[in-house]
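The next block holds one structure in the form of C-alpha cells; read it before the comments.
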Amino acid sequence: MPHFAIRSCRLQRLGGRRGFRRGYDYECTGFRGTKLFLGFGGPMNRIFPLWFAALVALAGPSPADDLPAHPLPPEQVEFFENKVRPLLVENCFSCHSAAAEAEGNLMAGLRIDSLAGLLKGGDSGAAVVPGEPDKSLVVEAVRYANEDMAMPPEAKLRPDEIAVLTTWVQMGAPWPGSEVAEEASPTQARAPYDWEKIRREHWAFRPIVKPPVPAVQDGTWTRTEIDHFVLAGLEAAGLAPNLPAEKHLLIRRAALDLTGLPPTPEQVAAFLADDSPEAFAKVVDALLASDAYGERWARHWLDVARYSDVHGGFDAKAIASTWRYRDWVVQALNADLPYDQFLTRQIAGDLLEGVPDPAATGLFACGPTYSSDGGDAEAQAQAEAETLADRVDTFSRGLLGLTVACARCHDHKFDPITAKDYYAIAGVFRNTGLQDFPSAPQTEIDAYEAGQQSLKTQEKSIEKWLASTASRLGIEPAKLEQSIDESLKAELAELRADLERRKQAAPAMYATLTGLKDIGSADMPVALRGDLRKPGEMAPRRFLEIVAGADATSYALGSGRLELARSVVAPDNPLTPRVIVNRVWGWHFGKGLVRTPSNFGVLGDKPTHPELLDWLAADCVEHGWSLKRLHRQILLSSAWQVSSGFDAAKFARDGDNRLLWRMSPRKLEVEAWRDSLLAVTGELDRSVGGPPANEIWQSNRRTLYASTSRTGEVFHADRFLRMFDAPAAVSSAEQRVETTVPQQYLFMLNSPFMTGRAQVLGDSLRSLPGDLPEKIRLIYLRLYSRPPEPAEIALADAWLSADPSPHAWQRYAQVLLSAHELIQIE
Amino acid sequence: MQFLQHELAYRLARQRLSRRDALRAMGAGIGAIGLAATLGGTSAATAAGSPLAPKLPHFAPRAKRLIQLFMPGGPSQVDTFDHKPLLATHAGERPALVDRKSLRNTKMGLMPSPFGFKKYGQCGKWVSDIFPEVATCVDEISFIHSMHTDIPEHAGGILMTHLGSLQPNRPSLGSWLTYGLGSESENLPGFVAMSPRAQPRGKGACWGNAFLPGAYAGAYVNIQHMQPGAVISDLKSAGLSREQQAEQIELLTKINQLQLARMEQDQNLEAGIHALEMAFRMQLSVPEVFDVSQESEQTRRLYGDSEFGKGCLIARRLVEQGVRVVQLSHSIDGYDIAWDTGHENIVDGHAVLAKACDQGIAGLLRDLKGRGLLDETLVVWGGEFGRAPTSEGAKGRDHDHYGYTVWMAGGGVKKGYSHGATDEFGLSAVEQRVHVHDLNATILHLMGLDHERLTYRFSGRDYRLTDVHGHVVHDILA
C-alpha cells in the first residue's frame, strides 16, 4: 500500500511539527481586519505619520535597499491582509517563522513571515521572485509540482488559495506592515516599536502636564475650571450650551446619578425652596455622604471588575465569600478611600504592612478560573493560560485602559505592548494563589481558637485516661471499656460528658473570605504562540515597557504584586489617573471624554477634550486621588447642570453631543431602576452589605445585593439583569449598552414584581388625602419629582372615574411605574 | 406652598411646548395598537430603531434561517456517518497512521464499529444502523467528514463550536446572526435555544451575547418541562383579560407619548413605544408557537415521541414564524454532554442517543421539505468533536478532535454530497480539512454574511465570530 505509506509519513510530520494549534491565535488583534489597517490613512496617520510611512516604505515590493517613495496602494494592502497573510499564517508559519526558529523547528532554513525572509530564501534559494510566479519556489511548492517540495505537507491548498499566492507574487509580492521591521532585526534584541516616538506622540502615553485653563468669551456661564474647557470647545464650534436644567430635574439627576435612587418629594421641595448659592452644593454633599452613594458607585466598579457570585470559567463553582469583596468596594467608596490605595489594596491588599486588607483582593481572587476536565497536559496548560488571560485582561483594561491580553500570542499589532510585557504581568499572577482569610473581629477568632483548644485538651485527657487505665489494669486497650467496673465507667462517662459540654460551648467557626496570597517568586517565560508548554525567552516580572521603560526594575518581592500595585499608581504612570477620571466622567455623562474607557490604545477613541482630561487627571492626583472631590467638581460645573433638552439645530451640528452642549438623556441602569421602583413604593430595604439574596424577587434590598452568576443562567437575577442590559460578568465591562426590547415591557406589564409594586402603590395612592387631582399631584411628585400636566390629570381622571375600584388604582399605578420617565435620567 | 412654587416654575418652563403639539403627539399611533395589535401576525416591517429590525445581508442569502442540531459530548464519526470498513480488518492493530501523539486515552488498538452499516439513497451513502431514519434522508445532506477543532475537551470544544473561541466571553453564533440579520418575526425572539433536560456544558455562553447588546442573546427553553413562560419571562398577565391589557397599554403609550412630546426627540423612548406594542403581540404568539398540539396527528407522528423529536417539531414551528436561529441540543438523561457516554462502551450510549434523536431529525428534514421550507432553512448536525477509532479500554472510545463529521442540509448546500475525508481509519481529517472557523464562516456565508465583515467594535477592537480565521467551504455550496 504505497499510498498508505506516504500518507502515514505526512501525518507523522504533521503530528510532530504542527504542534501549536490555531486556538492559540484567537486573541489576535485581527490582522486580517482590513478596516483597521486601512484606517491608518485617517487618524493613525496623524499619530504616527513618519513611523508608519517608514514601515510601509520598507515593505515595498523591491528589496530593502531600493525603497519605493510611496506607500503601497490600499487595494494591495487589503489584498495582502485579507488573502495572503492569513494563508501564510495558517499554512506556513508553523515551520517557517520566527516562532518556529525559536522552537528549533525552522524547516529548510526558510522564513516566510517576512518579505525579506522570502527574498533571502532557504536551503533551496530565494523563495519568491517578485513578479515572477513561475520562478518562485513558494508557488512551485504549493502547486505540488515537485514531489520533494510539496507544501504544505499535510494537504494541498485549494485552487483559489494557490491562485491567491500566484497573483500576489505576480503583483510584485507587496508586503505591508511591521514584519519587515522585525526582519530587519533577526535577533529579538531590537525593539519592535519606536518606543520614544510613541511615548511622545500617542496622547495616552504622554506625561500628564496640567494644562492652563483656557479663556472663554462668555464668562457668565463658567462656574468651574471644567466649564472653561467645555465652553472653549463649544465656542470654537459656534455652539452655545443649553440653558441650565430646571431645579427639579437637576436634583433628580443628581440623586439618580450619585445614589441610584430618586429624590424624595421632601428633598425636592427643600431644594426648590433654597435660594442660597450653595443650595445645590448642599444637595450634592448630602448625597455623597449617604451609604447609597457607595452602593450605586460600587456597581459601576463591579462592572469593570466583572464581579459575579460564581467563579465561572469552564465550570460554575460558587465562592461563598465574594460578597465580602463587594462590601469592601462599597465601604471603600463611601469612605472615599483614595483611588491609588483603592487599587493598591485590590492588587496586593494581603501584602500591606501594618493593616493588611485581604478582602480587597477579591478583584482577582474571585475571577473566572479555568480547569481542565480531562487532565491531560495540553488541556491543563490551556486552562491555566485562560485563567492568566483573565487576570491580565481585567488588570490591564480595567486599571490601565490597555488591551495587554492581545499580546498573549505575539507582540500587540497596534499598541506598543510586547508578548514579553504580557508574560511579565502574567508572571505576577502565576505566583499568586488563593487563601481563606479570617473575616471576623479578633475577639471572635480568639474565642474560636480557645474553644478548639479546650476540645483538644479534653480529648487528650480522655486518651490519656484510657491509656493509663489500660496499662494500670493490664487490659488490652481495645477491650478496656467492656472490662472496667461501674465506678471507672462513670469516671469515663463524666470525662466524655465534659467533652460534649465543651463542644456545645465552643464558638462556631468564624467567617472567612477568599483572598490572594503569594505562592512563589519565579519569572515565567514568554509562551510561544500563547502555548504555556512552549517556553520562549524569560519575561522578568516588571511593569509595561511603554510606561516603565526598558530598564525598569524587575519585581522581586514574592509574587511581585505589591510592586505591581506601586507601578500602577506611580507618579510617572499617566494611564491610571487618566483612566479613572475618564470612567468617572463617563458614569456622570453617559459617555467618557474618551469613549472607549477600557482602551486608550491607538485603536481606541481619542479624547473629545484632551486638555480637560489631563487637567482632571492632574488635579485628581494633586488632591490625593479623592473620588468624592472629583464627583463634586463635576456636579458643580455648569457643564453637568445644563438641560437635556433637544435642539434641532445643535443636534444637526453635534448629534453625538461630543461637545457637551446638553446633558444626553440616558436610560437608568437596571439596578437603579429596580431600586427606584422599590423606593417610590416605600418598600426599599436600605440595609447595607452582607451576603447576597439568591432569590432576588423575595428581597426588597437593593439590586446590588442579588446573587449573579457568570454564565447568566444560575440565579433569577441573571436573566432579569441581562434583559435590561447589565453586562455578562465574563470579562471586564467597558460600558453598558442601551437596548429596548419587548421582553422589557413584558416584565413591566406582567411580572409579579411589577404587579406587586403596583398593588402597594395603588393602595397607597388611593388612600392619599384630597381629591383625585390632588392625589395625582402627590404621586407625580413622588415618582417623577414634578407635578402632573393637565393632560396627565385628565388621563388619570378618565381611567379612575370610570372604575374607582382598588384594582383600577393598582392598574393605573402599574402604568405610572412602567413609564419611561422612571427609567431615564433627563 | 413649596409645591405650589415648584408647580409655577414648572409651568413657565413648559410654556414653550405648545399644547397642540403635545396632543398631536399623543394622538398619533394610538389607534394602531387597538386592532392591529390583537391580530398578532408576522411582519417583516419591524420598525427601525429596534435592535431586532431585519437588516440587509452582505449578499443574497442561500438560507434565511438556521437550525443547529447540536450533539454535545462528541458523537463517534466511525459509528455514525464516516464508514471505515478497514477497522474490521485491522482490529486491535495500531498502524502508524493512527499512532498519533494523542492527548487522550487512545493508546489501544483499532476497534471496529459494533454497528452495521448499509448503503442508502441515490448517492449511495454508508450510514450506521443506529441512524436508520436519517439514513433515508442522505440525498438531502452534505456530509463534512474532515472537521477538526482545537481542543479535545468538552467545555472548550463546545465553546469553540458555538463561539469560535475557547473562552466564554465571546458572542455565540446565533447571537452574531441575529445581530447581523435581525429577526423576521415581530412576535418572537430572534434566537431560541432549547434542550431536553440538561443544558449543554458551557450553558448560557452557547447562546449568550457576551459584549453584543442584550437583545441578541438567545432565549433558552428546557423542552422537558416546557412552558411558554420558560422561553419568555412574564408572558402572561396573572389577572387581566386581553382587553384590559390593551387598555393598560394604551394608557402607558399615552403617558410615554406625553413624555416624548416634552423631550421632543428621544430614540430610546421611540423604540420603547414600538417595543411595547410588540410585547403585546408576543403574549399570544409565543404560547401558540410552542403548542405542538396544534399540529396534525400525522405531523406529530413524523417526528416521533421523544423529547428531542418534540424539540425538532418546535424548531420547525419557530423558523416557520420567522425566528432566525434555533439551537436544539441533545440530552436524554440530564447529562450535559450526552454523547460522552461512549467512553466505556460505545454500544449502549450511542445506540440509545441515536434512537432518541433519529426520527426527530429525519422528521424535521422531511417536514421542512414537504412545506417548501428546506430550501431556505439551513440545518446543521454535529458535536464539538468526534471519537477515536482506537479503543479506550475494551469497548469505548475517547475524544478525537483531529477528525470528525458534521453534516448540513437545506438552504444552499449540495444534496447527497460528501466533503473531505479522514484517513483510512477515521482518526484525522486529511483531505479538504475544515476547521470549526471554516464551518462557521460557511454558515454565515450561506446566511448572506461575509464572516470578515460581520464585526462588532468592543473596547476599541473589531471582533468577529471567526476572529482572524475561517475560509468558506465553497465546495459544499450548491
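We name chains A, B, ... following the order of the C-alpha cells; residues begin at 1 in each chain, and ligands are numbered from 1 as shown.
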
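Near B:Val326, within 10 Å and counting only C-alpha atoms, sit Arg65, Leu66, Ile67, Gln68, Leu69, Gly174, Gly190, Phe191, Val192, Ala193, Met194, Trp207, Gly218, Ala219, Tyr220, Gly311, Cys312, Ile314, Ala315, Arg316, Leu318, Val319, Val323, Ser329 and Val379 of chain B; same-chain residues fewer than 3 positions away were not included.
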
ask   = Quick one: DSSP alpha helix (DSSP H) residues in stretch 494-609 of chain A, as a ChimeraX atom specification?
value = /A:494-505,545-548,561-568,575-589

Atoms to include: N, CA and C atoms. Write the selected residues as a JSON list (two decimals), in the first residue's frame.
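Result went into part-v7.json, see below:
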```json
[["chain", "number", "residue", "atom", "x", "y", "z"],
["A", 494, "GLU", "N", -18.09, 10.72, 82.69],
["A", 494, "GLU", "CA", -18.03, 12.13, 83.07],
["A", 494, "GLU", "C", -17.02, 12.90, 82.20],
["A", 495, "LEU", "N", -15.88, 12.23, 81.95],
["A", 495, "LEU", "CA", -14.90, 12.87, 81.07],
["A", 495, "LEU", "C", -15.52, 13.16, 79.70],
["A", 496, "ARG", "N", -16.28, 12.19, 79.20],
["A", 496, "ARG", "CA", -16.89, 12.36, 77.87],
["A", 496, "ARG", "C", -18.00, 13.40, 77.89],
["A", 497, "ALA", "N", -18.75, 13.41, 78.98],
["A", 497, "ALA", "CA", -19.81, 14.41, 79.09],
["A", 497, "ALA", "C", -19.20, 15.80, 79.11],
["A", 498, "ASP", "N", -18.05, 15.91, 79.76],
["A", 498, "ASP", "CA", -17.37, 17.19, 79.79],
["A", 498, "ASP", "C", -16.95, 17.61, 78.38],
["A", 499, "LEU", "N", -16.45, 16.63, 77.61],
["A", 499, "LEU", "CA", -16.08, 16.93, 76.22],
["A", 499, "LEU", "C", -17.30, 17.43, 75.44],
["A", 500, "GLU", "N", -18.41, 16.75, 75.68],
["A", 500, "GLU", "CA", -19.64, 17.13, 74.98],
["A", 500, "GLU", "C", -20.04, 18.57, 75.35],
["A", 501, "ARG", "N", -19.93, 18.89, 76.63],
["A", 501, "ARG", "CA", -20.27, 20.25, 77.09],
["A", 501, "ARG", "C", -19.34, 21.27, 76.42],
["A", 502, "ARG", "N", -18.08, 20.91, 76.33],
["A", 502, "ARG", "CA", -17.13, 21.84, 75.69],
["A", 502, "ARG", "C", -17.48, 22.03, 74.21],
["A", 503, "LYS", "N", -17.90, 20.92, 73.59],
["A", 503, "LYS", "CA", -18.30, 21.02, 72.16],
["A", 503, "LYS", "C", -19.45, 21.99, 72.02],
["A", 504, "GLN", "N", -20.42, 21.85, 72.93],
["A", 504, "GLN", "CA", -21.59, 22.75, 72.86],
["A", 504, "GLN", "C", -21.15, 24.20, 73.06],
["A", 505, "ALA", "N", -20.21, 24.38, 73.96],
["A", 505, "ALA", "CA", -19.82, 25.75, 74.31],
["A", 505, "ALA", "C", -18.88, 26.36, 73.29],
["A", 545, "GLU", "N", 6.69, 48.03, 29.35],
["A", 545, "GLU", "CA", 7.86, 48.78, 28.91],
["A", 545, "GLU", "C", 7.48, 50.18, 28.43],
["A", 546, "ILE", "N", 6.32, 50.33, 27.81],
["A", 546, "ILE", "CA", 5.95, 51.64, 27.27],
["A", 546, "ILE", "C", 5.83, 52.67, 28.39],
["A", 547, "VAL", "N", 5.47, 52.22, 29.58],
["A", 547, "VAL", "CA", 5.32, 53.14, 30.71],
["A", 547, "VAL", "C", 6.60, 53.20, 31.53],
["A", 548, "ALA", "N", 7.16, 52.04, 31.84],
["A", 548, "ALA", "CA", 8.26, 52.00, 32.80],
["A", 548, "ALA", "C", 9.63, 52.05, 32.14],
["A", 561, "ARG", "N", 3.27, 41.34, 43.43],
["A", 561, "ARG", "CA", 2.02, 42.10, 43.35],
["A", 561, "ARG", "C", 2.11, 43.48, 43.97],
["A", 562, "LEU", "N", 2.82, 43.56, 45.10],
["A", 562, "LEU", "CA", 2.92, 44.86, 45.77],
["A", 562, "LEU", "C", 3.67, 45.84, 44.88],
["A", 563, "GLU", "N", 4.72, 45.33, 44.22],
["A", 563, "GLU", "CA", 5.48, 46.20, 43.32],
["A", 563, "GLU", "C", 4.64, 46.56, 42.09],
["A", 564, "LEU", "N", 3.86, 45.59, 41.65],
["A", 564, "LEU", "CA", 2.97, 45.87, 40.51],
["A", 564, "LEU", "C", 1.98, 46.97, 40.88],
["A", 565, "ALA", "N", 1.42, 46.88, 42.08],
["A", 565, "ALA", "CA", 0.47, 47.89, 42.53],
["A", 565, "ALA", "C", 1.15, 49.26, 42.56],
["A", 566, "ARG", "N", 2.40, 49.27, 43.05],
["A", 566, "ARG", "CA", 3.10, 50.56, 43.10],
["A", 566, "ARG", "C", 3.34, 51.11, 41.70],
["A", 567, "SER", "N", 3.63, 50.22, 40.76],
["A", 567, "SER", "CA", 3.82, 50.69, 39.38],
["A", 567, "SER", "C", 2.54, 51.30, 38.83],
["A", 568, "VAL", "N", 1.41, 50.68, 39.20],
["A", 568, "VAL", "CA", 0.12, 51.15, 38.67],
["A", 568, "VAL", "C", -0.15, 52.59, 39.12],
["A", 575, "LEU", "N", -1.33, 56.58, 32.77],
["A", 575, "LEU", "CA", -2.56, 55.89, 32.36],
["A", 575, "LEU", "C", -3.58, 55.83, 33.48],
["A", 576, "THR", "N", -3.13, 55.44, 34.68],
["A", 576, "THR", "CA", -4.07, 55.19, 35.78],
["A", 576, "THR", "C", -4.96, 56.40, 36.08],
["A", 577, "PRO", "N", -4.39, 57.60, 36.30],
["A", 577, "PRO", "CA", -5.29, 58.73, 36.58],
["A", 577, "PRO", "C", -6.17, 59.10, 35.40],
["A", 578, "ARG", "N", -5.64, 59.01, 34.18],
["A", 578, "ARG", "CA", -6.48, 59.33, 33.02],
["A", 578, "ARG", "C", -7.65, 58.36, 32.93],
["A", 579, "VAL", "N", -7.35, 57.09, 33.16],
["A", 579, "VAL", "CA", -8.41, 56.08, 33.04],
["A", 579, "VAL", "C", -9.51, 56.32, 34.07],
["A", 580, "ILE", "N", -9.15, 56.60, 35.31],
["A", 580, "ILE", "CA", -10.21, 56.71, 36.32],
["A", 580, "ILE", "C", -11.00, 58.02, 36.16],
["A", 581, "VAL", "N", -10.35, 59.13, 35.86],
["A", 581, "VAL", "CA", -11.17, 60.34, 35.73],
["A", 581, "VAL", "C", -12.09, 60.21, 34.51],
["A", 582, "ASN", "N", -11.61, 59.50, 33.50],
["A", 582, "ASN", "CA", -12.46, 59.29, 32.33],
["A", 582, "ASN", "C", -13.65, 58.39, 32.65],
["A", 583, "ARG", "N", -13.39, 57.33, 33.43],
["A", 583, "ARG", "CA", -14.51, 56.46, 33.81],
["A", 583, "ARG", "C", -15.53, 57.25, 34.62],
["A", 584, "VAL", "N", -15.06, 58.00, 35.60],
["A", 584, "VAL", "CA", -15.98, 58.75, 36.45],
["A", 584, "VAL", "C", -16.77, 59.74, 35.59],
["A", 585, "TRP", "N", -16.09, 60.40, 34.68],
["A", 585, "TRP", "CA", -16.77, 61.33, 33.78],
["A", 585, "TRP", "C", -17.87, 60.60, 33.00],
["A", 586, "GLY", "N", -17.52, 59.43, 32.49],
["A", 586, "GLY", "CA", -18.47, 58.66, 31.69],
["A", 586, "GLY", "C", -19.69, 58.23, 32.50],
["A", 587, "TRP", "N", -19.47, 57.89, 33.77],
["A", 587, "TRP", "CA", -20.61, 57.48, 34.60],
["A", 587, "TRP", "C", -21.49, 58.68, 34.97],
["A", 588, "HIS", "N", -20.93, 59.88, 34.86],
["A", 588, "HIS", "CA", -21.75, 61.08, 35.13],
["A", 588, "HIS", "C", -22.44, 61.62, 33.87],
["A", 589, "PHE", "N", -21.81, 61.41, 32.71],
["A", 589, "PHE", "CA", -22.36, 62.00, 31.49],
["A", 589, "PHE", "C", -22.92, 60.95, 30.52]]
```

ask   = Got a sec to pull out which chain B residues are within 7 Å of chain A, counting only C-alpha atoms, and send them as a ChimeraX atom specification?
value = /B:2-3,6-7,50,96-97,100-101,103-104,150,153,155,165,168-169,202-205,210,213-215,234-238,248,252,255-256,259,263-265,268-269,271-272,275-276,278-279,430-431,459-461,467-468

query = What does the distance between atom CA of B:Phe117 and atom CA of B:Thr80 come to in Å, to one decimal place?
reply =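 One can read the atom CA of B:Phe117 to atom CA of B:Thr80 distance as 8.5 Å.
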
key: Counting only C-alpha atoms, the option among A:Leu434, A:Leu234, A:Ala385, A:Leu288 closest to A:Asp350   =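 Once distances to A:Asp350 are computed over only C-alpha atoms, the minimum belongs to A:Leu434.
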
request  = List the neighbours of stretch 625-642 of chain A out to 7 Å using only C-alpha atoms; skip same-chain residues closer than 3 positions along the sequence, and give me the result as a ChimeraX atom specification.
outcome  = /A:221-224,226-227,230,242-245,250,281,284,336,338-340,620-621,662-663

Output the selection as a short mmCIF file (atom, residue, chain, number, x, y, z; two decimals), in the first residue's frame - N, CA and C atoms for each residue.
```
data_model
loop_
_atom_site.label_atom_id
_atom_site.label_comp_id
_atom_site.auth_asym_id
_atom_site.auth_seq_id
_atom_site.Cartn_x
_atom_site.Cartn_y
_atom_site.Cartn_z
N TRP A 221 -21.12 82.06 32.18
CA TRP A 221 -21.59 80.67 32.22
C TRP A 221 -20.70 79.79 33.08
N THR A 222 -19.42 80.14 33.10
CA THR A 222 -18.46 79.24 33.72
C THR A 222 -18.50 79.32 35.24
N ARG A 223 -18.59 78.14 35.86
CA ARG A 223 -18.55 78.08 37.32
C ARG A 223 -17.24 77.48 37.79
N THR A 224 -16.75 76.52 37.04
CA THR A 224 -15.54 75.80 37.47
C THR A 224 -14.57 75.71 36.30
N ILE A 226 -13.67 73.13 34.79
CA ILE A 226 -14.24 72.22 33.79
C ILE A 226 -14.99 73.03 32.74
N ASP A 227 -15.76 74.01 33.20
CA ASP A 227 -16.59 74.79 32.29
C ASP A 227 -15.76 75.55 31.26
N VAL A 230 -14.90 73.06 28.55
CA VAL A 230 -16.07 72.67 27.75
C VAL A 230 -16.55 73.84 26.89
N ASN A 242 -26.87 74.41 26.28
CA ASN A 242 -28.26 74.55 26.69
C ASN A 242 -28.36 75.38 27.96
N LEU A 243 -29.58 75.85 28.23
CA LEU A 243 -29.84 76.53 29.49
C LEU A 243 -29.70 75.53 30.63
N PRO A 244 -29.53 76.04 31.84
CA PRO A 244 -29.46 75.10 32.98
C PRO A 244 -30.74 74.28 33.09
N ALA A 245 -30.61 73.08 33.57
CA ALA A 245 -31.78 72.23 33.80
C ALA A 245 -32.64 72.85 34.87
N LEU A 250 -32.76 68.91 38.07
CA LEU A 250 -31.37 68.90 38.50
C LEU A 250 -31.18 68.03 39.74
N ALA A 281 -24.84 72.65 46.07
CA ALA A 281 -23.67 72.02 46.70
C ALA A 281 -24.10 71.24 47.94
N VAL A 284 -25.56 67.97 46.81
CA VAL A 284 -24.51 67.04 46.37
C VAL A 284 -23.78 66.46 47.56
N ASP A 336 -14.39 57.21 50.86
CA ASP A 336 -13.55 57.97 49.93
C ASP A 336 -12.08 57.55 50.06
N PRO A 338 -8.67 56.93 49.00
CA PRO A 338 -8.00 57.49 47.82
C PRO A 338 -7.83 56.42 46.74
N TYR A 339 -8.02 56.82 45.49
CA TYR A 339 -8.05 55.83 44.41
C TYR A 339 -6.74 55.06 44.29
N ASP A 340 -5.63 55.69 44.59
CA ASP A 340 -4.37 54.93 44.50
C ASP A 340 -4.36 53.80 45.52
N CYS A 620 -6.81 65.55 40.12
CA CYS A 620 -7.22 64.44 40.99
C CYS A 620 -6.02 63.92 41.78
N VAL A 621 -4.89 63.71 41.10
CA VAL A 621 -3.71 63.20 41.79
C VAL A 621 -3.21 64.24 42.80
N ARG A 662 -25.44 69.66 25.63
CA ARG A 662 -26.53 69.32 26.54
C ARG A 662 -26.11 68.12 27.39
N MET A 663 -26.95 67.79 28.35
CA MET A 663 -26.79 66.51 29.04
C MET A 663 -27.54 65.49 28.20
#
```

task = Quick one: pick out all strand (DSSP E or B) residues within stretch 126-312 of chain B from a backbone DSSP run and write them as a ChimeraX atom specification.
result = /B:126-128,141-148,191-195,219-222

For those residues, write N, CA and C atoms to a file as a tab-separated table (two decimals), in the first residue's frame.
```tsv
chain	number	residue	atom	x	y	z
B	126	TRP	N	-22.97	5.32	2.94
B	126	TRP	CA	-22.97	4.32	4.00
B	126	TRP	C	-23.37	5.00	5.31
B	127	VAL	N	-24.39	4.45	5.98
B	127	VAL	CA	-24.82	5.02	7.26
B	127	VAL	C	-24.98	3.89	8.27
B	128	SER	N	-24.62	4.21	9.48
B	128	SER	CA	-24.71	3.24	10.58
B	128	SER	C	-26.16	2.85	10.85
B	141	ILE	N	-28.46	15.64	2.10
B	141	ILE	CA	-27.44	16.06	3.07
B	141	ILE	C	-26.07	16.24	2.44
B	142	SER	N	-25.32	17.23	2.94
B	142	SER	CA	-23.89	17.36	2.66
B	142	SER	C	-23.13	16.96	3.91
B	143	PHE	N	-22.37	15.89	3.81
B	143	PHE	CA	-21.57	15.46	4.96
B	143	PHE	C	-20.19	16.10	4.88
B	144	ILE	N	-19.72	16.63	5.99
B	144	ILE	CA	-18.33	17.11	6.05
B	144	ILE	C	-17.58	16.15	6.95
B	145	HIS	N	-16.74	15.32	6.35
B	145	HIS	CA	-16.04	14.29	7.13
B	145	HIS	C	-14.69	14.77	7.62
B	146	SER	N	-14.30	15.96	7.21
B	146	SER	CA	-12.94	16.40	7.51
B	146	SER	C	-12.92	17.53	8.53
B	147	MET	N	-13.88	17.50	9.46
B	147	MET	CA	-13.88	18.52	10.51
B	147	MET	C	-12.70	18.29	11.46
B	148	HIS	N	-12.16	19.39	11.96
B	148	HIS	CA	-11.20	19.28	13.05
B	148	HIS	C	-11.32	20.53	13.92
B	191	PHE	N	-33.67	34.50	18.40
B	191	PHE	CA	-32.78	33.37	18.60
B	191	PHE	C	-33.30	32.56	19.79
B	192	VAL	N	-33.67	31.31	19.54
B	192	VAL	CA	-34.19	30.46	20.61
B	192	VAL	C	-33.27	29.25	20.76
B	193	ALA	N	-32.84	28.99	21.98
B	193	ALA	CA	-32.02	27.81	22.27
B	193	ALA	C	-32.85	26.85	23.11
B	194	MET	N	-32.77	25.56	22.78
B	194	MET	CA	-33.58	24.59	23.51
B	194	MET	C	-32.75	23.34	23.78
B	195	SER	N	-33.12	22.63	24.83
B	195	SER	CA	-32.60	21.29	25.04
B	195	SER	C	-33.55	20.56	25.95
B	219	ALA	N	-32.92	33.12	23.67
B	219	ALA	CA	-33.85	32.84	24.76
B	219	ALA	C	-33.85	31.33	24.93
B	220	TYR	N	-33.58	30.85	26.14
B	220	TYR	CA	-33.44	29.41	26.35
B	220	TYR	C	-34.74	28.80	26.88
B	221	VAL	N	-35.08	27.60	26.38
B	221	VAL	CA	-36.20	26.87	26.97
B	221	VAL	C	-35.82	25.40	27.13
B	222	ASN	N	-36.19	24.86	28.27
B	222	ASN	CA	-35.97	23.44	28.53
B	222	ASN	C	-37.20	22.68	28.05
```

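One distance worth recording is that between atom CA of A:Ala506 and atom CA of A:Ala359, which is 26.2 Å.
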
query = Within 7 Å of A:Thr708, counting only C-alpha atoms, which residues qualify if same-chain residues fewer than 5 places away don't, as a PyMOL selection string?
reply = chain A and resi 308-309+715+717-718

task = Would you list the contacts of B:Gly182 as a VMD selection string, taking every protein, DNA or RNA residue within 12 Å and counting only C-alpha atoms, but skipping same-chain residues closer than 4 positions in sequence?
result = chain B and resid 44 to 57 64 to 65 174 to 178 186 188 to 191 215 to 217 322 to 325 447

message = So, with only C-alpha atoms as the atoms that count, which of B:Val98, B:Arg62, B:Cys206, B:Arg387 lies closest to B:Gln167?
response =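 Comparing B:Val98, B:Arg62, B:Cys206, B:Arg387 against B:Gln167, the winner is B:Cys206.
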
message = Show me, as JSON, numbers by chain, the residues that have an atom within 6 Å of stretch 85-88 of chain B when counting only C-alpha atoms, minus same-chain residues fewer than 2 positions from it.
response = {"B": [90, 91, 112]}
